[in-house]
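Undergrad: What follows is the file input_5.tsv, containing TSV, C-alpha atoms:
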chain	number	residue	atom	x	y	z
A	1	MET	CA	-44.64	19.98	7.50
A	2	THR	CA	-42.11	20.35	10.36
A	3	ALA	CA	-45.01	20.04	12.78
A	4	ARG	CA	-45.95	16.71	11.29
A	5	VAL	CA	-42.37	15.47	11.47
A	6	ALA	CA	-42.15	16.60	15.07
A	7	LEU	CA	-45.39	14.81	15.88
A	8	ARG	CA	-44.34	11.62	14.12
A	9	ALA	CA	-41.03	11.57	16.03
A	10	GLY	CA	-42.58	12.87	19.23
A	11	ILE	CA	-45.13	10.11	19.74
A	12	PRO	CA	-42.59	7.26	19.94
A	13	LEU	CA	-40.24	9.50	21.92
A	14	ALA	CA	-42.95	10.09	24.50
A	15	VAL	CA	-42.66	6.43	25.42
A	16	VAL	CA	-39.03	6.91	26.54
A	17	PRO	CA	-39.70	8.54	29.94
A	18	LEU	CA	-42.38	5.94	30.59
A	19	LEU	CA	-39.92	3.13	29.83
A	20	LEU	CA	-37.30	4.73	32.05
A	21	LEU	CA	-39.80	4.98	34.89
A	22	LEU	CA	-40.83	1.35	34.42
A	23	ALA	CA	-37.20	0.22	34.28
A	24	TYR	CA	-36.54	2.10	37.52
A	25	GLY	CA	-39.67	0.67	39.11
A	26	PHE	CA	-38.93	-2.93	38.18
A	27	ARG	CA	-35.35	-2.70	39.33
A	28	THR	CA	-36.20	-1.54	42.83
A	29	ASP	CA	-37.35	-4.23	45.19
A	30	PRO	CA	-40.69	-3.22	46.70
A	31	ARG	CA	-39.88	-5.36	49.72
A	32	ALA	CA	-36.57	-3.67	50.44
A	33	ILE	CA	-37.39	-0.89	52.84
A	34	PRO	CA	-34.44	1.40	53.47
A	35	THR	CA	-34.12	1.75	57.22
A	36	PRO	CA	-33.65	5.27	58.52
A	37	LEU	CA	-32.16	3.88	61.73
A	38	ILE	CA	-28.53	3.32	60.69
A	39	GLY	CA	-26.24	5.51	62.78
A	40	LYS	CA	-29.03	6.44	65.18
A	41	PRO	CA	-29.25	5.40	68.84
A	42	ALA	CA	-30.89	1.99	69.10
A	43	ALA	CA	-34.31	2.07	70.73
A	44	PRO	CA	-34.11	0.89	74.32
A	45	PHE	CA	-35.99	-2.28	75.13
A	46	SER	CA	-36.50	-4.38	78.17
A	47	LEU	CA	-37.95	-7.82	77.77
A	48	THR	CA	-38.30	-11.01	79.74
A	49	THR	CA	-36.73	-14.05	78.14
A	50	PHE	CA	-38.43	-17.41	77.73
A	51	ALA	CA	-36.20	-18.53	80.61
A	52	GLY	CA	-37.74	-15.78	82.76
A	53	GLU	CA	-34.66	-13.54	82.88
A	54	PRO	CA	-34.79	-9.82	82.19
A	55	VAL	CA	-32.84	-8.55	79.19
A	56	SER	CA	-32.51	-4.90	78.29
A	57	LEU	CA	-30.39	-2.81	75.97
A	58	ASP	CA	-29.35	-0.57	78.84
A	59	GLY	CA	-28.08	-3.63	80.70
A	60	LEU	CA	-25.87	-4.46	77.71
A	61	ARG	CA	-24.30	-1.03	77.28
A	62	GLY	CA	-20.61	-1.36	76.45
A	63	ARG	CA	-21.15	-4.61	74.59
A	64	VAL	CA	-21.78	-5.15	70.91
A	65	VAL	CA	-25.39	-6.31	70.59
A	66	VAL	CA	-26.71	-8.43	67.77
A	67	LEU	CA	-30.48	-8.13	67.84
A	68	ASN	CA	-32.21	-10.84	65.84
A	69	PHE	CA	-35.95	-10.79	65.11
A	70	TRP	CA	-37.35	-14.22	64.32
A	71	ALA	CA	-40.46	-16.40	64.33
A	72	SER	CA	-40.98	-20.15	64.38
A	73	TRP	CA	-43.18	-19.97	61.26
A	74	CYS	CA	-40.47	-18.22	59.28
A	75	VAL	CA	-39.45	-21.05	56.99
A	76	PRO	CA	-36.78	-21.54	55.82
A	77	ALA	CA	-34.80	-18.35	56.57
A	78	CYS	CA	-35.07	-18.46	60.37
A	79	TYR	CA	-34.24	-22.17	60.37
A	80	ASP	CA	-31.26	-21.56	58.08
A	81	GLU	CA	-29.77	-18.89	60.28
A	82	ALA	CA	-30.50	-20.47	63.67
A	83	PRO	CA	-27.31	-22.61	63.79
A	84	VAL	CA	-25.31	-19.63	62.48
A	85	LEU	CA	-26.53	-17.46	65.34
A	86	GLU	CA	-25.77	-20.05	68.00
A	87	ARG	CA	-22.28	-20.59	66.52
A	88	GLY	CA	-21.69	-16.84	66.43
A	89	TRP	CA	-22.83	-16.42	70.01
A	90	ARG	CA	-20.55	-19.19	71.25
A	91	ALA	CA	-17.60	-17.79	69.33
A	92	TRP	CA	-18.04	-14.17	70.40
A	93	ARG	CA	-19.73	-14.15	73.79
A	94	ASP	CA	-16.43	-13.84	75.65
A	95	ARG	CA	-15.27	-11.06	73.36
A	96	GLY	CA	-17.84	-8.40	74.30
A	97	VAL	CA	-20.63	-9.50	72.01
A	98	THR	CA	-24.16	-10.40	73.09
A	99	LEU	CA	-26.82	-11.92	70.91
A	100	VAL	CA	-30.45	-11.24	71.74
A	101	GLY	CA	-33.25	-13.04	69.93
A	102	VAL	CA	-36.62	-11.31	69.74
A	103	ASN	CA	-39.50	-13.61	68.90
A	104	ILE	CA	-42.30	-11.79	67.11
A	105	GLN	CA	-45.79	-12.72	65.89
A	106	ASP	CA	-45.57	-16.17	67.35
A	107	THR	CA	-47.14	-18.51	69.85
A	108	GLU	CA	-45.21	-19.41	72.96
A	109	ASP	CA	-45.29	-23.18	72.40
A	110	ALA	CA	-44.01	-22.96	68.83
A	111	ALA	CA	-41.30	-20.52	69.89
A	112	ARG	CA	-40.13	-22.77	72.73
A	113	GLN	CA	-40.01	-25.77	70.40
A	114	PHE	CA	-37.89	-23.75	67.98
A	115	LEU	CA	-35.44	-22.80	70.75
A	116	ALA	CA	-35.21	-26.39	71.96
A	117	ARG	CA	-34.68	-27.71	68.45
A	118	PHE	CA	-31.66	-25.49	67.86
A	119	ASP	CA	-30.42	-25.63	71.45
A	120	HIS	CA	-30.24	-21.83	71.64
A	121	THR	CA	-28.31	-20.66	74.68
A	122	PHE	CA	-28.42	-16.91	74.04
A	123	PRO	CA	-31.25	-14.82	75.54
A	124	ASN	CA	-34.47	-15.03	73.56
A	125	ALA	CA	-37.58	-13.09	74.48
A	126	PRO	CA	-41.05	-12.68	73.04
A	127	ASP	CA	-42.05	-9.18	71.90
A	128	LEU	CA	-45.58	-9.10	73.24
A	129	GLY	CA	-47.56	-6.27	71.66
A	130	GLY	CA	-44.93	-5.80	68.96
A	131	ARG	CA	-43.49	-2.60	70.47
A	132	VAL	CA	-39.85	-3.56	70.02
A	133	SER	CA	-40.36	-4.63	66.42
A	134	VAL	CA	-42.04	-1.35	65.52
A	135	ASP	CA	-39.36	0.58	67.43
A	136	TYR	CA	-36.82	-1.08	65.13
A	137	GLY	CA	-38.93	-0.68	62.01
A	138	VAL	CA	-39.11	-4.43	61.51
A	139	TYR	CA	-41.33	-5.47	58.64
A	140	GLY	CA	-40.53	-9.15	58.36
A	141	VAL	CA	-38.50	-11.98	59.77
A	142	PRO	CA	-35.69	-12.58	59.98
A	143	GLU	CA	-34.10	-9.20	60.44
A	144	THR	CA	-30.90	-8.63	62.33
A	145	PHE	CA	-29.53	-5.38	63.75
A	146	PHE	CA	-25.93	-4.85	64.71
A	147	ILE	CA	-25.59	-2.36	67.56
A	148	ASP	CA	-22.22	-0.92	68.58
A	149	ARG	CA	-20.83	-0.53	72.10
A	150	ALA	CA	-22.19	3.01	72.31
A	151	GLY	CA	-25.69	1.75	71.59
A	152	ARG	CA	-26.01	2.94	67.99
A	153	VAL	CA	-27.56	0.90	65.21
A	154	ARG	CA	-24.74	0.33	62.75
A	155	ALA	CA	-26.10	-2.24	60.32
A	156	LYS	CA	-29.24	-4.10	59.44
A	157	HIS	CA	-29.38	-7.43	57.67
A	158	VAL	CA	-32.61	-8.61	56.08
A	159	GLY	CA	-32.98	-12.34	55.54
A	160	ALA	CA	-31.03	-15.26	56.90
A	161	VAL	CA	-27.68	-14.35	58.48
A	162	THR	CA	-24.76	-16.36	57.16
A	163	ASP	CA	-21.49	-17.03	58.97
A	164	GLN	CA	-19.81	-14.48	56.69
A	165	VAL	CA	-22.36	-11.75	57.37
A	166	PHE	CA	-22.25	-12.36	61.12
A	167	GLU	CA	-18.47	-12.44	61.23
A	168	ARG	CA	-18.05	-9.32	59.08
A	169	HIS	CA	-20.40	-7.09	61.08
A	170	VAL	CA	-19.49	-8.40	64.52
A	171	ARG	CA	-15.76	-8.27	63.92
A	172	ALA	CA	-15.95	-4.67	62.70
A	173	LEU	CA	-17.90	-3.55	65.76
A	174	ALA	CA	-16.00	-5.66	68.31
A	175	GLU	CA	-12.69	-4.25	67.15
A	176	GLU	CA	-13.82	-0.67	67.59
A	177	PRO	CA	-12.55	0.98	70.76
A	178	SER	CA	-15.42	1.37	73.18
B	1	MET	CA	-69.75	35.06	93.00
B	2	SER	CA	-68.59	34.18	96.48
B	3	ARG	CA	-65.07	33.06	97.03
B	4	ARG	CA	-66.22	29.58	97.93
B	5	ARG	CA	-68.21	29.25	94.74
B	6	ARG	CA	-65.29	30.51	92.73
B	7	ALA	CA	-63.04	27.92	94.34
B	8	LEU	CA	-65.60	25.26	93.58
B	9	ALA	CA	-65.81	26.35	89.96
B	10	ALA	CA	-62.02	26.21	89.68
B	11	ALA	CA	-62.03	22.71	91.17
B	12	TRP	CA	-64.62	21.62	88.62
B	13	LEU	CA	-62.56	23.09	85.79
B	14	LEU	CA	-59.46	21.29	86.98
B	15	ALA	CA	-61.36	18.03	87.35
B	16	GLY	CA	-62.71	18.55	83.83
B	17	ALA	CA	-59.23	19.12	82.44
B	18	ALA	CA	-57.96	16.02	84.20
B	19	THR	CA	-60.74	13.91	82.68
B	20	VAL	CA	-59.97	15.30	79.22
B	21	GLY	CA	-56.30	14.37	79.69
B	22	ALA	CA	-57.20	10.78	80.48
B	23	ALA	CA	-60.06	10.61	77.98
B	24	PRO	CA	-60.40	7.26	76.24
B	25	VAL	CA	-58.89	7.38	72.78
B	26	ALA	CA	-61.44	7.83	70.02
B	27	GLU	CA	-61.43	4.75	67.82
B	28	GLU	CA	-62.00	6.99	64.78
B	29	THR	CA	-58.69	8.75	65.47
B	30	VAL	CA	-56.90	5.41	65.68
B	31	GLN	CA	-58.49	4.30	62.40
B	32	ALA	CA	-57.72	7.64	60.73
B	33	ILE	CA	-54.01	7.32	61.55
B	34	ALA	CA	-53.96	3.60	60.71
B	35	ALA	CA	-55.50	4.34	57.31
B	36	GLN	CA	-52.49	6.49	56.42
B	37	LEU	CA	-49.92	3.87	57.33
B	38	ARG	CA	-48.86	1.04	55.08
B	39	CYS	CA	-49.19	-2.41	56.57
B	40	VAL	CA	-45.61	-3.66	56.72
B	41	VAL	CA	-46.40	-7.29	55.96
B	42	CYS	CA	-48.97	-6.84	53.21
B	43	GLN	CA	-47.54	-3.91	51.19
B	44	ASN	CA	-50.72	-2.76	49.49
B	45	LEU	CA	-53.09	-2.51	52.41
B	46	SER	CA	-53.29	0.13	55.07
B	47	VAL	CA	-52.84	-0.71	58.73
B	48	ALA	CA	-56.54	0.06	59.13
B	49	ASP	CA	-57.61	-2.47	56.49
B	50	SER	CA	-55.21	-5.32	57.17
B	51	PRO	CA	-56.43	-8.23	59.27
B	52	SER	CA	-52.85	-9.29	60.03
B	53	GLU	CA	-51.50	-9.59	63.55
B	54	THR	CA	-48.79	-7.02	62.82
B	55	ALA	CA	-51.37	-4.44	61.75
B	56	ASN	CA	-53.40	-5.27	64.83
B	57	GLN	CA	-50.36	-4.63	67.01
B	58	MET	CA	-49.64	-1.39	65.16
B	59	ARG	CA	-53.17	-0.21	65.83
B	60	GLY	CA	-52.55	-1.07	69.47
B	61	ILE	CA	-49.39	1.04	69.47
B	62	ILE	CA	-51.27	3.97	67.87
B	63	ARG	CA	-53.95	3.69	70.56
B	64	GLU	CA	-51.34	3.51	73.31
B	65	ARG	CA	-49.50	6.59	72.08
B	66	LEU	CA	-52.69	8.62	71.71
B	67	ALA	CA	-53.70	7.60	75.22
B	68	ARG	CA	-50.34	8.86	76.42
B	69	GLY	CA	-51.34	12.28	75.08
B	70	GLU	CA	-49.51	12.31	71.74
B	71	THR	CA	-51.13	14.15	68.86
B	72	PRO	CA	-51.96	12.24	65.64
B	73	ASP	CA	-49.06	14.08	63.96
B	74	GLN	CA	-46.65	12.88	66.63
B	75	VAL	CA	-47.86	9.31	66.24
B	76	ARG	CA	-47.39	9.48	62.48
B	77	ALA	CA	-43.96	11.02	62.96
B	78	TYR	CA	-42.99	8.12	65.22
B	79	PHE	CA	-43.77	5.56	62.51
B	80	VAL	CA	-41.97	7.63	59.86
B	81	GLU	CA	-38.95	7.88	62.15
B	82	ARG	CA	-38.83	4.07	62.43
B	83	TYR	CA	-39.75	3.01	58.90
B	84	GLY	CA	-39.01	6.09	56.82
B	85	THR	CA	-41.60	7.70	54.57
B	86	TRP	CA	-42.12	4.21	53.06
B	87	ILE	CA	-44.68	3.67	55.80
B	88	LEU	CA	-46.92	6.47	54.51
B	89	LEU	CA	-49.46	5.33	51.93
B	90	GLU	CA	-49.52	8.83	50.49
B	91	PRO	CA	-46.00	9.93	49.54
B	92	PRO	CA	-45.07	13.32	51.00
B	93	ARG	CA	-45.38	16.08	48.40
B	94	GLN	CA	-41.72	16.96	48.04
B	95	GLY	CA	-38.65	16.19	45.96
B	96	PHE	CA	-38.85	13.38	43.43
B	97	ASN	CA	-42.27	12.36	44.79
B	98	LEU	CA	-43.73	15.51	43.24
B	99	VAL	CA	-43.59	13.65	39.91
B	100	VAL	CA	-46.45	11.51	41.15
B	101	TRP	CA	-48.53	14.58	41.90
B	102	VAL	CA	-47.61	16.68	38.88
B	103	ALA	CA	-47.21	14.11	36.09
B	104	PRO	CA	-50.90	13.15	35.67
B	105	PHE	CA	-51.98	16.78	35.40
B	106	ALA	CA	-49.09	17.63	33.09
B	107	ALA	CA	-49.98	14.63	30.90
B	108	LEU	CA	-53.64	15.67	30.85
B	109	ALA	CA	-52.76	19.23	29.87
B	110	LEU	CA	-50.39	17.98	27.17
B	111	GLY	CA	-53.04	15.60	25.83
B	112	LEU	CA	-55.67	18.33	25.71
B	113	ALA	CA	-53.25	20.66	23.92
B	114	LEU	CA	-52.45	17.91	21.43
B	115	VAL	CA	-56.11	17.17	20.72
B	116	ALA	CA	-56.90	20.87	20.39
B	117	GLY	CA	-54.01	21.30	17.96
B	118	VAL	CA	-55.00	18.32	15.85
B	119	MET	CA	-58.64	19.37	15.78
B	120	TRP	CA	-57.64	22.90	14.69
B	121	ARG	CA	-55.60	21.45	11.83
B	122	TRP	CA	-58.40	19.13	10.74
B	123	ARG	CA	-60.87	21.96	10.77
B	124	ARG	CA	-58.62	24.18	8.71
B	125	ALA	CA	-58.04	21.35	6.20
B	126	SER	CA	-61.75	20.61	5.85
B	127	ASP	CA	-62.53	24.33	5.44
B	128	ARG	CA	-60.02	24.43	2.61
B	129	SER	CA	-61.35	21.30	0.89
B	130	ARG	CA	-64.92	22.52	1.25
B	131	ALA	CA	-63.88	25.81	-0.32
B	132	ALA	CA	-62.29	23.90	-3.17
B	133	ALA	CA	-65.37	21.75	-3.67
B	134	ALA	CA	-67.83	24.64	-3.68
B	135	PRO	CA	-69.62	25.14	-7.10
B	136	ARG	CA	-68.20	27.98	-9.11
B	137	PRO	CA	-70.71	30.58	-10.23
B	138	VAL	CA	-71.59	30.15	-13.89
B	139	ASP	CA	-71.01	33.23	-15.99
B	140	GLU	CA	-73.01	34.40	-18.97
B	141	ALA	CA	-70.67	32.79	-21.53
B	142	GLY	CA	-70.88	29.46	-19.75
B	143	ARG	CA	-74.65	29.63	-19.65
B	144	GLU	CA	-74.77	30.37	-23.37
B	145	ARG	CA	-72.51	27.43	-24.08
B	146	LEU	CA	-74.65	25.12	-21.96
B	147	ARG	CA	-77.81	26.21	-23.77
B	148	ARG	CA	-76.18	25.62	-27.14
B	149	GLU	CA	-74.93	22.18	-26.28
B	150	LEU	CA	-78.28	21.10	-24.87
B	151	ALA	CA	-80.02	22.36	-28.02
B	152	ASP	CA	-77.46	20.49	-30.07
B	153	LEU	CA	-78.25	17.34	-28.11
B	154	ASP	CA	-81.99	17.78	-28.63
B	155	ALA	CA	-81.48	18.28	-32.34
B	156	ARG	CA	-79.94	14.82	-32.77
As structure tokens, please, write out the structure in this file.
TA:
Amino acid sequence: MTARVALRAGIPLAVVPLLLLLAYGFRTDPRAIPTPLIGKPAAPFSLTTFAGEPVSLDGLRGRVVVLNFWASWCVPACYDEAPVLERGWRAWRDRGVTLVGVNIQDTEDAARQFLARFDHTFPNAPDLGGRVSVDYGVYGVPETFFIDRAGRVRAKHVGAVTDQVFERHVRALAEEPS
Amino acid sequence: MSRRRRALAAAWLLAGAATVGAAPVAEETVQAIAAQLRCVVCQNLSVADSPSETANQMRGIIRERLARGETPDQVRAYFVERYGTWILLEPPRQGFNLVVWVAPFAALALGLALVAGVMWRWRRASDRSRAAAAPRPVDEAGRERLRRELADLDAR
């Protein structure tokens, strides 16, 4: 009869690994993609801003670069963070920090309206063909990368950037010796 | 073969090689790679199946890299380098991911073993009960008794 006892206990027990797997599965966010880029050299890019100026990572070597991917249809996150980014840029631009906005999956008119609405003064460029976004493993907007003076990706923020997030990452990188 | 003809043949071979190098990228190759990549904006579609602009751009990038002379493996590796193995629709067969490959077969084997075990027990039990239910042979004394009792019944 030990076999029967084992069977009777075993059937409910068999559910345990299944439950554990489900618990693990439901706790992980399927949208949170771990980026393998942290600590690696940031992919070089060279774009032309909406104002017609060239902007490239190589040209910004030695500065902390905040690379922000956005789109005008990204409501509300991109609209929430837009004033934060402009504030951050104005506060840090003279302290070795550059903000670069990369507009992805958008139309030019809508993107220009967005820039005008928030009075963005930092360089913003469209990523035609999506090469820069794939180089950075971007899967949605907004996503923001914090690149140190040596050109390495040091942090990635998914979702709207807040003043605290901006300040924390930028301060840490700006205070590092170059 | 004259020297001139040999030189001509070599020139043709070189020209052939050059054309191969710049050959237009086969659309099937692009689709084959795209089918293995997860569309980043739609989660459960491949880059080949998604109608989204992002997937379209990713197919463009695949085409561009192939045209530059990269092998399909190199193109795949590029996407994995940028997005991690998350981008692959089929998880690589290593580490914890092996559970996905092994678990169904292990569960199937376990289930079969369980069914076989249960069936063996049932069969043994029914053999035993059938043996118990089988009619016992009637001996001479029993037959005599039966005859007597039937006669007794008739007599009444």
Undergrad: Pull out every residue of chain B that has at least one atom within 10 Å of chain A, counting all atoms listed in the file, and report them as a list in words.
TA: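 Therefore, the residues near the partner are Cys39, Val40, Val41, Cys42, Gln43, Ser52, Glu53, Thr54, Ala55, Asn56, Gln57, Met58, Gly60, Ile61, Tyr78, Phe79, Val80, Glu81, Arg82, Tyr83, Gly84, Thr85, Trp86, Ile87 and Leu114 of chain B.
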Undergrad: Please put the answer as lines of an AutoDock Vina configuration file: centre and edge lengths, in Å with one decimal, of a box along x, y and z that encloses all listed atoms of region 77-81 of chain B plus 6 Å on each side.
TA:
center_x = -41.5
center_y = 8.3
center_z = 62.5
size_x = 17.0
size_y = 17.5
size_z = 17.4
Undergrad: Just want the 9 Å neighbourhood of region 52-62 of chain A, counted on all atoms listed in the file, with same-chain residues fewer than 3 positions away dropped. Output as a ChimeraX atom specification.
TA: /A:42-49,65,96,98,100,123-125,148-151,178
Undergrad: Separation of CA of Arg168 (chain A) and CA of Trp92 (chain A), in Å?
TA: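 Rounded to one decimal, the two atoms are 12.3 Å apart.
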Undergrad: When you draw a straight line from CA of Pro91 (chain B) to CA of Lys40 (chain A), how long is it in Å?
TA: 23.3 Å
Undergrad: Record the distance separating CA of Arg8 (chain A) and CA of Ala103 (chain B), expressed in Å with one decimal.
TA: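 CA of Ala103 (chain B) lies at a distance of 22.3 Å from CA of Arg8 (chain A).
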Undergrad: Using all atoms listed in the file, which residue out of A:Ser72, A:Asn103, A:Thr28, A:Thr162 lies closest to Val132 (chain A)?
TA: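 Answer, going by the shortest atom-to-atom distance: A:Asn103.
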Undergrad: Would you kindly return, as a count of residues only, each protein, DNA or RNA residue with an atom no farther than 12 Å from any atom of Thr121 (chain A), considering only C-alpha atoms and excluding same-chain residues fewer than 5 positions away?
TA: 18
Undergrad: For Arg38 (chain B), work out the shell of residues within 8 Å, counting only C-alpha atoms and skipping chain neighbours fewer than 6 positions away, then give it as a PyMOL selection string.
TA: chain B and resi 44-47+86-89
Undergrad: Using all atoms listed in the file and a cutoff of 6 Å, can you tell me which residues are near (-30.2, -3.3, 65.2) in the file's coordinates, and write them out as a ChimeraX atom specification?
TA: /A:67,145-147,153,156
Undergrad: Dump C-alpha atoms for the selected residues as a PDB file, keeping the file's coordinate frame?
TA:
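Saved as result-v6.pdb:
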ATOM      1  CA  LEU A  67     -30.480  -8.130  67.840  1.00  0.00           C
ATOM      2  CA  PHE A 145     -29.530  -5.380  63.750  1.00  0.00           C
ATOM      3  CA  PHE A 146     -25.930  -4.850  64.710  1.00  0.00           C
ATOM      4  CA  ILE A 147     -25.590  -2.360  67.560  1.00  0.00           C
ATOM      5  CA  VAL A 153     -27.560   0.900  65.210  1.00  0.00           C
ATOM      6  CA  LYS A 156     -29.240  -4.100  59.440  1.00  0.00           C
TER       7      LYS A 156
END
